[in-house]
$ cat run-v1.cif   # mmCIF, C-alpha atoms
data_input
loop_
_atom_site.group_PDB
_atom_site.id
_atom_site.type_symbol
_atom_site.label_atom_id
_atom_site.label_comp_id
_atom_site.auth_asym_id
_atom_site.auth_seq_id
_atom_site.Cartn_x
_atom_site.Cartn_y
_atom_site.Cartn_z
ATOM 1 C CA MET A 253 46.777 39.808 31.395
ATOM 2 C CA ASP A 254 43.753 39.775 33.663
ATOM 3 C CA ILE A 255 45.245 38.761 36.991
ATOM 4 C CA ASN A 256 41.857 38.582 38.770
ATOM 5 C CA ARG A 257 40.994 35.322 37.040
ATOM 6 C CA TYR A 258 43.867 33.415 38.670
ATOM 7 C CA ASN A 259 43.831 31.686 42.033
ATOM 8 C CA PHE A 260 47.046 31.665 44.031
ATOM 9 C CA SER A 261 47.383 29.531 47.136
ATOM 10 C CA GLN A 262 49.303 30.837 50.110
ATOM 11 C CA ALA A 263 51.866 28.043 49.726
ATOM 12 C CA ALA A 264 52.468 28.914 46.049
ATOM 13 C CA VAL A 265 52.946 32.597 46.849
ATOM 14 C CA LYS A 266 55.414 31.769 49.634
ATOM 15 C CA ARG A 267 57.375 29.497 47.267
ATOM 16 C CA ALA A 268 57.441 32.270 44.666
ATOM 17 C CA ILE A 269 58.709 34.823 47.194
ATOM 18 C CA LYS A 270 61.468 32.486 48.416
ATOM 19 C CA GLY A 271 62.490 31.786 44.836
ATOM 20 C CA ASN A 272 63.388 28.135 45.278
ATOM 21 C CA ASN A 273 61.383 25.902 42.934
ATOM 22 C CA PRO A 274 59.040 28.699 41.787
ATOM 23 C CA PRO A 275 55.541 27.757 40.620
ATOM 24 C CA THR A 276 54.818 27.638 36.883
ATOM 25 C CA PHE A 277 52.739 30.826 36.971
ATOM 26 C CA MET A 278 55.822 32.775 38.056
ATOM 27 C CA GLN A 279 57.900 31.342 35.221
ATOM 28 C CA GLU A 280 55.290 32.274 32.584
ATOM 29 C CA HIS A 281 54.827 35.922 33.630
ATOM 30 C CA ASN A 282 57.032 38.737 34.884
ATOM 31 C CA PHE A 283 56.424 38.463 38.646
ATOM 32 C CA LYS A 284 58.761 40.264 41.035
ATOM 33 C CA VAL A 285 59.250 40.393 44.783
ATOM 34 C CA LYS A 286 59.085 43.860 46.343
ATOM 35 C CA GLU A 287 59.250 44.482 50.074
ATOM 36 C CA GLY A 288 58.472 40.836 50.796
ATOM 37 C CA LYS A 289 55.352 40.783 48.597
ATOM 38 C CA LEU A 290 54.797 39.187 45.217
ATOM 39 C CA VAL A 291 53.793 41.734 42.560
ATOM 40 C CA LEU A 292 52.952 41.756 38.873
ATOM 41 C CA GLY A 293 53.371 45.226 37.449
ATOM 42 C CA LEU A 294 51.753 47.477 40.049
ATOM 43 C CA LYS A 295 49.390 44.832 41.454
ATOM 44 C CA VAL A 296 50.093 42.861 44.625
ATOM 45 C CA VAL A 297 49.285 39.140 44.513
ATOM 46 C CA ILE A 298 46.899 38.219 47.339
ATOM 47 C CA PRO A 299 46.626 34.486 48.166
ATOM 48 C CA ASN A 300 43.150 32.914 48.225
ATOM 49 C CA GLU A 301 43.289 32.391 51.977
ATOM 50 C CA GLU A 302 43.927 36.102 52.626
ATOM 51 C CA ARG A 303 41.581 37.557 49.993
ATOM 52 C CA ASN A 304 38.530 38.106 52.240
ATOM 53 C CA GLN A 305 40.592 39.821 54.928
ATOM 54 C CA TYR A 306 42.323 42.049 52.352
ATOM 55 C CA LEU A 307 39.045 43.090 50.709
ATOM 56 C CA ARG A 308 37.444 43.743 54.095
ATOM 57 C CA GLN A 309 40.353 46.051 55.042
ATOM 58 C CA LEU A 310 39.991 47.990 51.779
ATOM 59 C CA LEU A 311 36.237 48.308 52.194
ATOM 60 C CA TYR A 312 36.340 49.573 55.759
ATOM 61 C CA LYS A 313 39.290 51.887 55.060
ATOM 62 C CA SER A 314 37.340 53.632 52.285
ATOM 63 C CA VAL A 315 34.176 53.911 54.414
ATOM 64 C CA GLY A 316 35.853 55.275 57.541
#

$ encode --input "run-v1.cif" --output "structure tokens"
Amino acid sequence: MDINRYNFSQAAVKRAIKGNNPPTFMQEHNFKVKEGKLVLGLKVVIPNEERNQYLRQLLYKSVG
């Protein structure tokens, strides 16, 4: 499954982490909650609203 093609809103990720009334994407695939983060396999799910900040942190961490 290519996880990069999906868009996850921050509200949907929070609902999935809480576990009450999980979104349909979590029912279709084997998502798990580890250390308060939603993961699929070894990949962490980053909500759309946090994607730019997350990528910026990775970019500047690798440069510095």

$ atom_distance --input "run-v1.cif" --atom1 "CA of Glu301 in chain A" --atom2 "CA of Ser261 in chain A"
7.0 Å

$ resolve_selection --input "run-v1.cif" --expression "the PyMOL selection byres ((chain A and resi 265-269) around 9)" --output "list of chain:residue names"
A:Phe260, A:Ser261, A:Gln262, A:Ala263, A:Ala264, A:Lys270, A:Gly271, A:Asn272, A:Asn273, A:Pro274, A:Pro275, A:Met278, A:Phe283, A:Lys284, A:Val285, A:Gly288, A:Lys289, A:Leu290, A:Val297, A:Ile298, A:Pro299

$ atom_distance --input "run-v1.cif" --atom1 "CA of Tyr258 in chain A" --atom2 "CA of Gln305 in chain A"
17.8 Å

$ atom_distance --input "run-v1.cif" --atom1 "CA of Val291 in chain A" --atom2 "CA of Asn304 in chain A"
18.4 Å

$ axis_aligned_box --input "run-v1.cif" --around "range 277-285 of chain A" --padding-each-side "3 Å" --output "JSON"
{"center_x": 56.0, "center_y": 35.6, "center_z": 38.7, "size_x": 12.5, "size_y": 15.6, "size_z": 18.2}

$ decode --input "run-v1.cif" --residues "range 269-286 of chain A" --atoms "N, CA and C atoms" --output "compact mmCIF listing (two decimals), in the first residue's frame"
# COMPACT_ATOMS: atom_id res chain seq x y z
N ILE A 269 -6.59 7.78 16.89
CA ILE A 269 -5.75 7.56 18.07
C ILE A 269 -6.63 7.29 19.30
N LYS A 270 -7.71 8.03 19.44
CA LYS A 270 -8.61 7.82 20.59
C LYS A 270 -9.33 6.49 20.50
N GLY A 271 -9.62 6.05 19.27
CA GLY A 271 -10.23 4.74 19.10
C GLY A 271 -11.75 4.73 19.11
N ASN A 272 -12.37 5.82 19.49
CA ASN A 272 -13.84 5.84 19.48
C ASN A 272 -14.30 6.36 18.12
N ASN A 273 -15.15 5.56 17.47
CA ASN A 273 -15.66 5.86 16.13
C ASN A 273 -14.51 6.10 15.15
N PRO A 274 -13.66 5.08 14.94
CA PRO A 274 -12.50 5.27 14.06
C PRO A 274 -12.91 5.52 12.62
N PRO A 275 -12.13 6.29 11.89
CA PRO A 275 -12.42 6.55 10.48
C PRO A 275 -12.34 5.27 9.65
N THR A 276 -12.92 5.29 8.47
CA THR A 276 -12.96 4.09 7.63
C THR A 276 -11.57 3.65 7.20
N PHE A 277 -10.64 4.59 7.00
CA PHE A 277 -9.30 4.18 6.58
C PHE A 277 -8.62 3.31 7.63
N MET A 278 -8.94 3.52 8.90
CA MET A 278 -8.32 2.72 9.95
C MET A 278 -8.94 1.33 10.02
N GLN A 279 -10.18 1.19 9.61
CA GLN A 279 -10.84 -0.10 9.62
C GLN A 279 -10.38 -0.96 8.45
N GLU A 280 -9.98 -0.34 7.34
CA GLU A 280 -9.58 -1.07 6.14
C GLU A 280 -8.15 -1.56 6.19
N HIS A 281 -7.29 -0.91 6.94
CA HIS A 281 -5.86 -1.25 7.00
C HIS A 281 -5.44 -1.49 8.44
N ASN A 282 -4.25 -2.01 8.61
CA ASN A 282 -3.76 -2.41 9.93
C ASN A 282 -3.02 -1.26 10.62
N PHE A 283 -3.74 -0.20 10.97
CA PHE A 283 -3.14 0.92 11.69
C PHE A 283 -3.04 0.57 13.17
N LYS A 284 -2.00 1.10 13.81
CA LYS A 284 -1.82 0.91 15.25
C LYS A 284 -1.43 2.24 15.88
N VAL A 285 -1.60 2.32 17.18
CA VAL A 285 -1.20 3.51 17.93
C VAL A 285 0.02 3.14 18.76
N LYS A 286 1.12 3.85 18.53
CA LYS A 286 2.35 3.63 19.30
C LYS A 286 2.83 4.97 19.83
